[in-house]
file entry_17.csv (CSV, C-alpha atoms)
chain,number,residue,atom,x,y,z
V,132,MET,CA,50.2,36.0,17.8
V,133,THR,CA,51.0,35.0,14.2
V,134,LEU,CA,48.8,36.3,11.4
V,135,ARG,CA,47.4,33.8,9.1
V,136,TYR,CA,45.7,34.3,5.8
V,137,ALA,CA,42.5,32.7,4.5
V,138,ALA,CA,40.5,33.0,1.3
V,139,ILE,CA,37.0,34.5,1.9
V,140,GLU,CA,34.1,32.2,1.5
V,141,GLY,CA,32.0,31.9,-1.6
V,142,ILE,CA,34.6,32.8,-4.2
V,143,ARG,CA,33.5,31.6,-7.7
V,144,ALA,CA,35.9,31.0,-10.5
V,145,PHE,CA,36.2,30.2,-14.2
V,146,ASP,CA,39.6,28.7,-15.1
V,147,PHE,CA,40.4,29.6,-18.7
V,148,GLY,CA,43.9,27.9,-18.8
V,149,ASP,CA,46.5,30.7,-18.5
V,150,GLU,CA,44.2,33.0,-16.8
V,151,CYS,CA,41.4,32.6,-14.3
V,152,ILE,CA,38.4,34.9,-13.6
V,153,VAL,CA,37.3,35.0,-10.0
V,154,PHE,CA,34.2,36.6,-8.5
V,155,ASN,CA,34.3,38.2,-5.1
V,156,PRO,CA,30.9,37.5,-3.5
V,157,LEU,CA,31.3,40.5,-1.1
V,158,SER,CA,32.1,43.2,-3.6
V,159,TRP,CA,30.6,41.5,-6.7
V,160,ASP,CA,33.8,42.5,-8.6
V,161,ALA,CA,35.4,40.0,-11.0
V,162,HIS,CA,39.2,39.8,-11.1
V,163,LEU,CA,41.6,38.3,-13.6
V,164,LEU,CA,44.2,36.2,-11.9
V,165,ASN,CA,47.4,34.6,-13.1
V,166,PRO,CA,48.2,30.9,-12.3
V,167,ALA,CA,50.4,31.8,-9.3
V,168,ALA,CA,47.7,33.9,-7.7
V,169,VAL,CA,45.1,31.2,-8.3
V,170,ALA,CA,47.4,28.6,-6.7
V,171,VAL,CA,47.8,30.7,-3.6
V,172,LEU,CA,44.1,31.4,-3.5
V,173,ASP,CA,43.4,27.7,-3.7
V,174,LEU,CA,45.8,27.0,-0.9
V,175,LEU,CA,44.2,29.7,1.3
V,176,GLY,CA,40.8,28.3,0.5
V,177,SER,CA,41.5,25.0,2.2
V,178,ASN,CA,43.3,26.3,5.4
V,179,ALA,CA,44.6,29.5,6.8
V,180,GLN,CA,48.3,29.9,6.2
V,181,THR,CA,51.1,32.1,7.5
V,182,ARG,CA,53.2,34.2,5.1
V,183,ASP,CA,56.0,31.7,5.5
V,184,ASP,CA,53.7,28.8,4.6
V,185,VAL,CA,52.6,30.6,1.4
V,186,ALA,CA,56.3,31.4,0.5
V,187,ALA,CA,57.2,27.7,1.0
V,188,TYR,CA,54.3,26.6,-1.1
V,189,LEU,CA,55.1,29.0,-3.8
V,190,ARG,CA,58.8,28.0,-3.8
V,191,ASP,CA,57.8,24.4,-4.6
V,192,LEU,CA,55.8,25.6,-7.6
V,193,LEU,CA,58.5,27.8,-9.1
V,194,ILE,CA,61.3,26.7,-11.3
V,195,GLU,CA,64.7,26.6,-9.7
V,196,SER,CA,66.0,29.9,-11.0
V,197,GLU,CA,63.0,31.7,-9.5
V,198,GLN,CA,62.9,30.0,-6.2
V,199,ALA,CA,65.1,32.6,-4.5
V,200,ASP,CA,62.4,35.2,-5.1
V,201,ALA,CA,59.5,33.1,-3.7
V,202,ALA,CA,59.3,35.1,-0.5
V,203,HIS,CA,59.1,38.3,-2.4
V,204,HIS,CA,56.5,36.9,-4.8
V,205,SER,CA,54.3,35.6,-2.0
V,206,GLU,CA,54.4,38.9,-0.1
V,207,ARG,CA,53.3,40.7,-3.2
V,208,LEU,CA,50.6,38.2,-4.1
V,209,LEU,CA,49.2,38.2,-0.5
V,210,ASP,CA,49.1,41.9,-0.5
V,211,GLU,CA,47.4,42.1,-3.8
V,212,LEU,CA,44.8,39.4,-3.0
V,213,ALA,CA,44.1,41.2,0.3
V,214,GLN,CA,43.7,44.5,-1.5
V,215,LEU,CA,41.1,42.8,-3.8
V,216,GLY,CA,39.3,41.6,-0.7
V,217,LEU,CA,39.8,37.9,-1.7
V,218,VAL,CA,41.8,37.0,1.3
V,219,ARG,CA,41.5,38.1,5.0
V,220,THR,CA,43.7,37.8,8.0
V,221,VAL,CA,42.8,35.6,10.9
V,222,ALA,CA,44.4,35.4,14.3
V,223,ASP,CA,46.5,32.3,15.0
V,224,ASP,CA,44.2,31.0,17.7
V,225,VAL,CA,41.1,31.4,15.5
V,226,ALA,CA,42.8,29.6,12.6
V,227,HIS,CA,43.4,26.6,14.8
V,228,ARG,CA,40.0,26.4,16.4
P,202,MET,CA,-4.7,30.8,-36.4
P,203,THR,CA,-4.1,34.5,-36.2
P,204,SER,CA,-3.0,36.2,-39.5
P,205,ARG,CA,0.4,37.7,-39.7
P,206,ILE,CA,0.6,41.5,-39.7
P,207,ALA,CA,1.6,41.5,-43.4
P,208,GLU,CA,-1.8,39.9,-44.1
P,209,THR,CA,-3.7,42.3,-41.8
P,210,SER,CA,-5.5,45.3,-43.3
P,211,ALA,CA,-4.2,48.8,-42.4
P,212,ASP,CA,-7.6,49.6,-40.8
P,213,VAL,CA,-7.5,46.6,-38.5
P,214,LEU,CA,-3.9,47.3,-37.5
P,215,ALA,CA,-4.7,51.0,-36.8
P,216,ALA,CA,-7.7,50.0,-34.7
P,217,SER,CA,-5.5,47.6,-32.7
P,218,LEU,CA,-2.8,50.2,-32.2
P,219,GLY,CA,-5.3,52.8,-31.2
P,220,GLY,CA,-7.2,50.5,-28.9
P,221,ALA,CA,-5.9,47.9,-26.5
P,222,GLY,CA,-2.6,47.8,-28.3
P,223,LEU,CA,-0.7,45.6,-30.7
P,224,VAL,CA,0.9,42.8,-28.7
P,225,LEU,CA,4.0,41.2,-30.2
P,226,ASP,CA,5.9,38.2,-29.0
P,227,LEU,CA,9.6,38.8,-29.7
P,228,GLY,CA,10.7,35.5,-28.2
P,229,ALA,CA,12.4,36.5,-24.9
P,230,ALA,CA,9.9,39.3,-24.2
P,231,ARG,CA,6.5,40.4,-25.2
P,232,VAL,CA,5.7,44.1,-25.9
P,233,ARG,CA,2.5,46.0,-26.3
P,234,ILE,CA,2.5,49.0,-28.8
P,235,ARG,CA,-0.1,51.6,-28.7
P,236,SER,CA,-0.3,54.6,-31.0
P,237,ASP,CA,-2.5,57.2,-32.6
P,238,VAL,CA,0.1,58.2,-35.1
P,239,ALA,CA,-1.3,57.4,-38.6
P,240,ASP,CA,2.1,57.1,-40.3
P,241,LEU,CA,3.2,54.3,-38.0
P,242,VAL,CA,0.6,51.9,-39.3
P,243,ASP,CA,2.3,51.4,-42.6
P,244,MET,CA,5.7,51.2,-41.0
P,245,ILE,CA,4.7,48.5,-38.6
P,246,HIS,CA,2.9,46.7,-41.4
P,247,LYS,CA,6.2,46.6,-43.3
P,248,VAL,CA,8.9,45.9,-40.7
P,249,TYR,CA,6.8,43.7,-38.3
P,250,GLY,CA,5.0,42.0,-41.2
P,251,GLY,CA,6.2,38.5,-40.2
P,252,TYR,CA,4.7,38.6,-36.7
P,253,ALA,CA,1.2,37.4,-35.8
P,254,PRO,CA,-0.4,39.6,-33.1
P,255,GLU,CA,-0.8,38.0,-29.7
P,256,PRO,CA,-4.1,38.3,-27.8
P,257,PRO,CA,-4.6,42.0,-26.6
P,258,ASP,CA,-5.0,40.9,-23.0
P,259,ALA,CA,-1.6,39.1,-22.9
P,260,VAL,CA,0.8,40.0,-20.1
P,261,CYS,CA,3.6,42.1,-21.6
P,262,ASP,CA,7.1,43.0,-20.4
P,263,VAL,CA,6.9,46.5,-21.9
P,264,THR,CA,4.0,48.8,-23.0
P,265,ALA,CA,5.1,51.5,-25.4
P,266,CYS,CA,2.7,54.3,-26.3
P,267,LEU,CA,3.7,56.6,-29.1
P,268,ARG,CA,1.5,59.7,-29.5
P,269,LEU,CA,1.4,63.1,-30.9
P,270,ARG,CA,2.1,65.8,-28.4
P,271,GLY,CA,-0.7,68.3,-27.6
P,272,GLY,CA,-0.5,72.0,-27.2
P,273,LEU,CA,0.0,74.9,-29.6
P,274,ARG,CA,3.3,73.5,-30.7
P,275,ARG,CA,1.6,70.8,-32.7
P,276,PHE,CA,0.5,73.4,-35.3
P,277,LEU,CA,4.0,74.8,-35.7
P,278,ARG,CA,6.4,71.9,-35.3
P,279,PRO,CA,4.6,68.7,-34.4
P,280,GLN,CA,6.3,66.3,-32.1
P,281,LEU,CA,6.0,62.8,-30.8
P,282,GLU,CA,6.3,61.5,-27.3
P,283,LEU,CA,6.9,58.0,-26.1
P,284,LEU,CA,5.5,56.7,-22.9
P,285,VAL,CA,7.0,53.5,-21.5
P,286,ASP,CA,4.7,51.8,-19.1
P,287,GLY,CA,2.9,55.1,-18.7
P,288,ALA,CA,5.9,57.3,-18.1
P,289,VAL,CA,7.5,59.8,-20.5
P,290,GLU,CA,11.2,58.8,-20.4
P,291,PHE,CA,12.6,60.5,-23.5
P,292,GLU,CA,12.8,63.9,-25.0
P,293,PRO,CA,10.2,64.4,-27.8
P,294,PHE,CA,11.1,63.6,-31.4
P,295,PRO,CA,10.0,65.3,-34.6
P,296,ALA,CA,6.7,63.9,-35.8
P,297,ASP,CA,8.2,62.4,-38.9
P,298,THR,CA,10.3,59.9,-37.0
P,299,PRO,CA,7.8,57.6,-35.3
P,300,LEU,CA,9.5,54.3,-36.0
P,301,PRO,CA,13.0,55.3,-34.8
P,302,LEU,CA,11.6,56.7,-31.6
P,303,LEU,CA,9.5,53.6,-31.0
P,304,GLU,CA,12.4,51.2,-31.7
P,305,TRP,CA,14.9,53.2,-29.6
P,306,GLY,CA,12.4,53.5,-26.8
P,307,MET,CA,11.7,49.7,-26.8
P,308,ASN,CA,15.5,49.1,-26.8
P,309,TYR,CA,15.8,51.2,-23.7
P,310,ALA,CA,12.8,49.7,-22.0
P,311,LEU,CA,13.8,46.1,-22.7
P,312,ALA,CA,17.4,46.8,-21.5
P,313,GLN,CA,16.0,48.3,-18.3
P,314,ARG,CA,13.5,45.6,-17.5
P,315,SER,CA,15.1,42.3,-18.5
P,316,CYS,CA,16.6,41.3,-15.1
P,317,TRP,CA,15.8,37.6,-15.5
P,318,CYS,CA,18.7,37.0,-17.9
P,319,LEU,CA,22.2,38.3,-18.6
P,320,LEU,CA,21.7,41.0,-21.4
P,321,LEU,CA,24.6,41.7,-23.7
P,322,HIS,CA,24.7,44.5,-26.2
P,323,ALA,CA,25.3,42.2,-29.2
P,324,GLY,CA,23.9,40.9,-32.4
P,325,VAL,CA,23.2,37.2,-32.3
P,326,VAL,CA,22.7,34.7,-35.1
P,327,GLU,CA,22.6,30.9,-35.2
P,328,LYS,CA,23.6,28.1,-37.5
P,329,ASP,CA,23.4,24.3,-36.8
P,330,GLY,CA,22.2,25.1,-33.3
P,331,ARG,CA,25.3,27.2,-32.4
P,332,ALA,CA,25.1,30.9,-31.6
P,333,VAL,CA,27.4,33.5,-33.0
P,334,VAL,CA,27.5,36.4,-30.6
P,335,LEU,CA,28.6,39.7,-32.1
P,336,PRO,CA,29.2,42.2,-29.3
P,337,ALA,CA,30.3,45.7,-30.4
P,338,MET,CA,30.3,49.3,-29.6
P,339,PRO,CA,28.2,51.6,-31.8
P,340,GLY,CA,29.7,52.1,-35.2
P,341,ALA,CA,31.7,48.9,-35.3
P,342,GLY,CA,29.6,47.3,-38.0
P,343,LYS,CA,27.6,44.9,-35.8
P,344,SER,CA,24.2,45.6,-37.3
P,345,THR,CA,25.5,45.4,-40.9
P,346,LEU,CA,27.2,42.1,-40.3
P,347,THR,CA,24.2,40.7,-38.3
P,348,ALA,CA,21.9,41.7,-41.1
P,349,ALA,CA,24.1,40.2,-43.8
P,350,LEU,CA,24.5,36.9,-41.9
P,351,SER,CA,20.7,36.6,-41.5
P,352,TRP,CA,20.4,36.6,-45.3
P,353,ARG,CA,23.2,34.0,-45.8
P,354,GLY,CA,22.0,31.0,-44.0
P,355,PHE,CA,22.2,32.2,-40.4
P,356,ARG,CA,19.0,32.6,-38.2
P,357,LEU,CA,18.6,36.0,-36.7
P,358,LEU,CA,18.1,35.9,-32.9
P,359,SER,CA,18.7,39.6,-32.3
P,360,ASP,CA,20.5,42.6,-33.6
P,361,GLU,CA,20.6,44.4,-30.2
P,362,PHE,CA,20.4,42.0,-27.3
P,363,GLY,CA,22.4,38.9,-26.5
P,364,VAL,CA,19.9,37.2,-24.1
P,365,VAL,CA,21.8,34.7,-22.0
P,366,GLY,CA,19.9,32.3,-19.7
P,367,PHE,CA,21.0,32.0,-16.1
P,368,GLU,CA,20.5,28.2,-16.0
P,369,ASP,CA,22.3,27.1,-19.1
P,370,SER,CA,23.8,30.1,-20.8
P,371,ARG,CA,21.9,29.4,-24.0
P,372,LEU,CA,21.1,32.3,-26.2
P,373,ALA,CA,17.4,33.2,-26.5
P,374,PRO,CA,16.0,35.2,-29.4
P,375,MET,CA,14.7,38.7,-29.1
P,376,VAL,CA,13.7,39.1,-32.7
P,377,ARG,CA,13.1,42.6,-33.9
P,378,PRO,CA,13.8,44.7,-37.0
P,379,ILE,CA,17.4,45.6,-37.5
P,380,ALA,CA,18.2,49.4,-37.4
P,381,LEU,CA,20.6,50.1,-40.2
P,382,LYS,CA,22.4,53.4,-40.3
P,383,ASN,CA,23.8,55.6,-43.1
P,384,GLU,CA,25.9,53.7,-45.7
P,385,SER,CA,24.9,50.3,-44.3
P,386,ILE,CA,21.3,50.8,-45.6
P,387,ASP,CA,22.4,50.7,-49.2
P,388,VAL,CA,25.0,48.0,-48.5
P,389,ILE,CA,22.3,45.6,-47.2
P,390,ALA,CA,19.8,46.7,-49.9
P,391,ARG,CA,22.3,45.6,-52.5
P,392,PHE,CA,23.5,42.6,-50.5
P,393,ALA,CA,20.0,41.1,-49.9
P,394,PRO,CA,17.7,42.7,-52.5
P,395,GLN,CA,14.9,40.3,-51.4
P,396,SER,CA,14.9,41.8,-47.9
P,397,VAL,CA,12.2,44.2,-46.7
P,398,LEU,CA,13.5,47.6,-45.7
P,399,GLY,CA,11.3,50.2,-44.0
P,400,PRO,CA,11.3,53.9,-44.8
P,401,ARG,CA,14.5,56.0,-44.5
P,402,PHE,CA,14.6,58.6,-41.7
P,403,PRO,CA,17.3,61.2,-42.4
P,404,LYS,CA,18.6,63.6,-39.8
P,405,THR,CA,18.1,61.5,-36.8
P,406,HIS,CA,20.8,61.8,-34.1
P,407,LYS,CA,22.4,58.7,-35.6
P,408,GLY,CA,22.2,60.0,-39.2
P,409,THR,CA,19.9,58.3,-41.6
P,410,VAL,CA,18.2,55.2,-40.2
P,411,ALA,CA,16.1,52.5,-41.9
P,412,HIS,CA,14.8,49.2,-40.4
P,413,LEU,CA,15.3,45.8,-41.9
P,414,ALA,CA,12.4,43.4,-41.3
P,415,PRO,CA,13.4,40.0,-39.9
P,416,ALA,CA,12.7,37.1,-42.2
P,417,PRO,CA,9.4,35.5,-41.4
P,418,GLU,CA,11.0,32.1,-40.7
P,419,HIS,CA,13.3,33.7,-38.1
P,420,VAL,CA,10.2,35.3,-36.5
P,421,ALA,CA,8.5,31.9,-36.5
P,422,ALA,CA,11.6,30.3,-34.8
P,423,ARG,CA,11.7,32.9,-32.0
P,424,ARG,CA,11.2,30.2,-29.3
P,425,ALA,CA,14.2,28.2,-30.3
P,426,THR,CA,17.3,29.0,-28.2
P,427,ALA,CA,20.9,28.3,-29.3
P,428,ALA,CA,23.9,26.8,-27.6
P,429,PRO,CA,27.0,29.0,-27.2
P,430,GLY,CA,29.3,28.8,-30.2
P,431,LEU,CA,31.4,31.7,-31.3
P,432,ILE,CA,32.0,35.2,-29.8
P,433,ILE,CA,33.1,37.5,-32.6
P,434,PHE,CA,34.1,41.1,-31.8
P,435,PRO,CA,33.6,42.8,-35.2
P,436,ARG,CA,35.2,46.0,-36.4
P,437,PHE,CA,34.4,47.4,-39.8
P,438,ASP,CA,37.6,48.6,-41.5
P,439,ARG,CA,37.4,49.4,-45.2
P,440,SER,CA,41.2,49.2,-45.5
P,441,VAL,CA,41.3,45.4,-44.9
P,442,GLY,CA,39.6,42.4,-46.5
P,443,VAL,CA,39.2,40.2,-43.5
P,444,GLU,CA,41.5,39.8,-40.6
P,445,VAL,CA,40.8,37.4,-37.7
P,446,GLU,CA,42.6,37.1,-34.4
P,447,THR,CA,42.0,34.8,-31.4
P,448,VAL,CA,40.9,36.5,-28.2
P,449,SER,CA,41.7,34.8,-24.9
P,450,ARG,CA,38.6,33.6,-23.0
P,451,ALA,CA,39.6,35.8,-20.0
P,452,ARG,CA,39.8,38.9,-22.2
P,453,ALA,CA,36.5,38.0,-23.9
P,454,PHE,CA,34.9,37.7,-20.5
P,455,ALA,CA,36.1,41.1,-19.5
P,456,ARG,CA,35.0,42.7,-22.8
P,457,LEU,CA,31.5,41.1,-22.6
P,458,ALA,CA,31.1,42.2,-18.9
P,459,VAL,CA,31.8,45.8,-19.9
P,460,ASN,CA,29.5,45.5,-22.9
P,461,SER,CA,26.6,44.1,-20.9
P,462,PHE,CA,23.5,46.1,-20.0
P,463,ASN,CA,23.0,44.5,-16.6
P,464,TYR,CA,26.1,42.3,-15.6
P,465,GLU,CA,27.1,44.6,-12.8
P,466,PHE,CA,23.6,44.5,-11.2
P,467,LEU,CA,23.2,40.7,-11.4
P,468,GLY,CA,26.0,39.5,-9.1
P,469,PRO,CA,26.6,35.7,-9.0
P,470,PRO,CA,23.9,34.7,-11.6
P,471,GLY,CA,25.4,37.1,-14.1
P,472,PHE,CA,29.0,35.9,-13.4
P,473,ASN,CA,28.0,32.3,-13.8
P,474,ALA,CA,26.0,32.9,-17.0
P,475,LEU,CA,28.8,34.9,-18.6
P,476,GLY,CA,31.5,32.4,-17.4
P,477,ARG,CA,29.6,29.4,-18.9
P,478,LEU,CA,29.0,31.3,-22.1
P,479,VAL,CA,32.7,32.1,-22.5
P,480,GLU,CA,33.8,28.7,-21.4
P,481,ALA,CA,31.7,27.0,-24.1
P,482,SER,CA,32.6,29.5,-26.9
P,483,ALA,CA,35.6,30.3,-29.0
P,484,ALA,CA,36.3,34.1,-29.2
P,485,PHE,CA,37.8,36.1,-32.0
P,486,GLN,CA,38.4,39.7,-33.1
P,487,LEU,CA,37.3,40.2,-36.7
P,488,ARG,CA,38.2,43.2,-38.8
P,489,TYR,CA,36.4,43.3,-42.0
P,490,GLY,CA,36.0,45.5,-45.0
P,491,ASN,CA,34.3,42.8,-47.1
P,492,LEU,CA,30.9,41.4,-46.0
P,493,GLU,CA,31.1,38.1,-48.1
P,494,GLY,CA,34.6,37.5,-46.8
P,495,ALA,CA,33.5,38.1,-43.2
P,496,ILE,CA,30.6,35.6,-43.6
P,497,GLU,CA,32.9,33.0,-45.1
P,498,THR,CA,35.3,33.4,-42.2
P,499,ILE,CA,32.6,33.1,-39.6
P,500,THR,CA,31.2,30.0,-41.3
P,501,ARG,CA,34.7,28.5,-41.4
P,502,LEU,CA,35.4,29.3,-37.7
P,503,LEU,CA,32.1,27.5,-36.9
P,504,ASP,CA,33.0,24.5,-39.0
P,505,GLU,CA,36.5,24.3,-37.4
P,506,ALA,CA,35.2,24.6,-33.8
P,507,PRO,CA,35.7,21.5,-31.6
P,508,TRP,CA,32.0,20.8,-31.3
P,509,ALA,CA,31.7,20.8,-35.1
P,510,GLN,CA,34.3,18.0,-35.3
P,511,GLU,CA,32.2,15.9,-32.9
P,512,ARG,CA,29.2,16.0,-35.2
P,513,PRO,CA,28.3,12.6,-36.6

call {"tool": "encode", "arguments": {"input": "entry_17.csv", "output": "structure tokens"}}
result
Amino acid sequence: MTLRYAAIEGIRAFDFGDECIVFNPLSWDAHLLNPAAVAVLDLLGSNAQTRDDVAAYLRDLLIESEQADAAHHSERLLDELAQLGLVRTVADDVAHR
Amino acid sequence: MTSRIAETSADVLAASLGGAGLVLDLGAARVRIRSDVADLVDMIHKVYGGYAPEPPDAVCDVTACLRLRGGLRRFLRPQLELLVDGAVEFEPFPADTPLPLLEWGMNYALAQRSCWCLLLHAGVVEKDGRAVVLPAMPGAGKSTLTAALSWRGFRLLSDEFGVVGFEDSRLAPMVRPIALKNESIDVIARFAPQSVLGPRFPKTHKGTVAHLAPAPEHVAARRATAAPGLIIFPRFDRSVGVEVETVSRARAFARLAVNSFNYEFLGPPGFNALGRLVEASAAFQLRYGNLEGAIETITRLLDEAPWAQERP
């Protein structure tokens, strides 16, 4: 079974350019996110993705000199977003239902 | 038409306070004041002179009852107690400080009860339909700057509460006297000699306090809301003239959320109201040691704002 990640439902956001404030509807906490985190959260809001999917997506967004670190960045971002309660894991079969 | 308090006799005002209560429409809230404290009559006459009393049976958000405490102590060291909606919520105050106790008590009660809006701890003034929100921690010079702006072409909405609507994030007035402390009392007395200042109360827990009456035209306009404009985080610093620095919207959001009386209890409506307010405003940090310079800077920032360029 492959773990996939999805954004929780009902996230609200204000995009202020370089930074974005998002509201977690479950905890009522607001969080300040950088553009990379917002991009990943957007991706996970449309469909559940695996860690490899997120790393590939992030690789395309990064400049060439940073692409080698995409997997490391995506791991860290997913862990941080999960800690904030903004993303959750879903089982592979559920994600494809 | 009901007469303004300034034109009402002391006897009539005393009877109102001692009877059903004096009902005041502050704009975003209505309060009822009841009291048997004789000294309070002249004070209210002076600092609430621009208000016309509302009908005594009007529904109010807060009822504040200020009275002399009973018991033997009243012969030795008389004290006042304040009841908010029938309950004593504060330690008693010395009998010679009725107005500070009433004003602080009403601040507390309005902050506790105003759950129909996002409530920021901020001064708010308006010019050309745009609000200037001045959030600050105590001692930052918020009241002094708000008072000064209100006597230099800006309309006073509030010295204490930034009342932000859930639907449109417009700023609603909560017009009340401005509590000035210590040196700022003389600063404003010199800055706006035509203004009306109530009596000075030395030795309160905030030092000497005096209340500045809002201008009658600002009281009369207490129904007119203002669109978001500027968010200015002021900081009095006598070592500088005026220094201004842009604050990112995300940082402004975070500072306002911390500074709010009720943001954390509101959830989604509070987040949306604050986000829209910040989105529609430009935010700055303002260090000032010079009032005239601070007012010139705020006026310039308003004039340079994107919406000002769009004016016909």

call {"tool": "interface_residues", "arguments": {"input": "entry_17.csv", "of": "chain P", "to": "chain V", "cutoff": "12 Å", "atoms": "all atoms listed in the file", "output": "count of residues only"}}
result
30

call {"tool": "residues_around", "arguments": {"input": "entry_17.csv", "residues": "V:Ala168", "least_positions_apart": "3", "cutoff": "12 Å", "atoms": "all atoms listed in the file", "output": "JSON, numbers by chain"}}
result
{"V": [138, 149, 150, 151, 152, 153, 162, 163, 164, 165, 171, 172, 173, 174, 175, 185, 188, 189, 192, 204, 205, 206, 207, 208, 209, 210, 211, 212, 213, 215, 217, 218]}

call {"tool": "residues_around", "arguments": {"input": "entry_17.csv", "residues": "P:Ser344", "least_positions_apart": "4", "cutoff": "10 Å", "atoms": "all atoms listed in the file", "output": "list of chain:residue names"}}
result
P:Ala323, P:Gly324, P:Val325, P:Leu335, P:Ala337, P:Pro339, P:Gly340, P:Ala348, P:Ala349, P:Leu350, P:Ser359, P:Asp360, P:Glu361, P:Ile379, P:Ala380, P:Leu381, P:Lys382, P:Ser385

call {"tool": "atom_distance", "arguments": {"input": "entry_17.csv", "atom1": "atom CA of P:Ala421", "atom2": "atom CA of P:Gly306"}}
result
24.0 Å

call {"tool": "residues_around", "arguments": {"input": "entry_17.csv", "residues": "P:Arg401", "least_positions_apart": "6", "cutoff": "7 Å", "atoms": "only C-alpha atoms", "output": "PDB file with C-alpha atoms, keeping the file's coordinate frame"}}
result
ATOM      1  CA  THR P 409      19.900  58.300 -41.600  1.00  0.00           C
ATOM      2  CA  VAL P 410      18.200  55.200 -40.200  1.00  0.00           C
ATOM      3  CA  ALA P 411      16.100  52.500 -41.900  1.00  0.00           C
TER       4      ALA P 411
END

call {"tool": "atom_distance", "arguments": {"input": "entry_17.csv", "atom1": "atom CA of P:Ser315", "atom2": "atom CA of P:Leu227"}}
result
13.0 Å

call {"tool": "atom_distance", "arguments": {"input": "entry_17.csv", "atom1": "atom CA of V:Arg190", "atom2": "atom CA of V:Arg135"}}
result
18.2 Å

call {"tool": "build_atoms", "arguments": {"input": "entry_17.csv", "residues": "stretch 175-187 of chain V", "atoms": "N, CA and C atoms", "output": "PDB file, in the coordinates of the input"}}
result
ATOM      1  N   LEU V 175      44.819  28.947   0.192  1.00  0.00           N
ATOM      2  CA  LEU V 175      44.200  29.700   1.300  1.00  0.00           C
ATOM      3  C   LEU V 175      42.713  29.325   1.452  1.00  0.00           C
ATOM      4  N   GLY V 176      42.170  28.677   0.430  1.00  0.00           N
ATOM      5  CA  GLY V 176      40.800  28.300   0.500  1.00  0.00           C
ATOM      6  C   GLY V 176      40.597  27.018   1.350  1.00  0.00           C
ATOM      7  N   SER V 177      41.654  26.214   1.466  1.00  0.00           N
ATOM      8  CA  SER V 177      41.500  25.000   2.200  1.00  0.00           C
ATOM      9  C   SER V 177      41.835  25.208   3.724  1.00  0.00           C
ATOM     10  N   ASN V 178      42.888  25.972   3.983  1.00  0.00           N
ATOM     11  CA  ASN V 178      43.300  26.300   5.400  1.00  0.00           C
ATOM     12  C   ASN V 178      43.964  27.608   5.460  1.00  0.00           C
ATOM     13  N   ALA V 179      43.823  28.266   6.576  1.00  0.00           N
ATOM     14  CA  ALA V 179      44.600  29.500   6.800  1.00  0.00           C
ATOM     15  C   ALA V 179      46.048  29.219   6.888  1.00  0.00           C
ATOM     16  N   GLN V 180      46.858  30.103   6.304  1.00  0.00           N
ATOM     17  CA  GLN V 180      48.300  29.900   6.200  1.00  0.00           C
ATOM     18  C   GLN V 180      49.048  31.139   6.651  1.00  0.00           C
ATOM     19  N   THR V 181      50.248  30.954   7.159  1.00  0.00           N
ATOM     20  CA  THR V 181      51.100  32.100   7.500  1.00  0.00           C
ATOM     21  C   THR V 181      51.804  32.551   6.175  1.00  0.00           C
ATOM     22  N   ARG V 182      52.446  33.699   6.247  1.00  0.00           N
ATOM     23  CA  ARG V 182      53.200  34.200   5.100  1.00  0.00           C
ATOM     24  C   ARG V 182      54.336  33.202   4.751  1.00  0.00           C
ATOM     25  N   ASP V 183      54.930  32.652   5.792  1.00  0.00           N
ATOM     26  CA  ASP V 183      56.000  31.700   5.500  1.00  0.00           C
ATOM     27  C   ASP V 183      55.486  30.438   4.852  1.00  0.00           C
ATOM     28  N   ASP V 184      54.298  29.986   5.272  1.00  0.00           N
ATOM     29  CA  ASP V 184      53.700  28.800   4.600  1.00  0.00           C
ATOM     30  C   ASP V 184      53.482  29.068   3.136  1.00  0.00           C
ATOM     31  N   VAL V 185      52.952  30.269   2.841  1.00  0.00           N
ATOM     32  CA  VAL V 185      52.600  30.600   1.400  1.00  0.00           C
ATOM     33  C   VAL V 185      53.944  30.700   0.639  1.00  0.00           C
ATOM     34  N   ALA V 186      54.974  31.272   1.240  1.00  0.00           N
ATOM     35  CA  ALA V 186      56.300  31.400   0.500  1.00  0.00           C
ATOM     36  C   ALA V 186      56.821  29.996   0.241  1.00  0.00           C
ATOM     37  N   ALA V 187      56.716  29.084   1.201  1.00  0.00           N
ATOM     38  CA  ALA V 187      57.200  27.700   1.000  1.00  0.00           C
ATOM     39  C   ALA V 187      56.452  27.001  -0.084  1.00  0.00           C
TER      40      ALA V 187
END
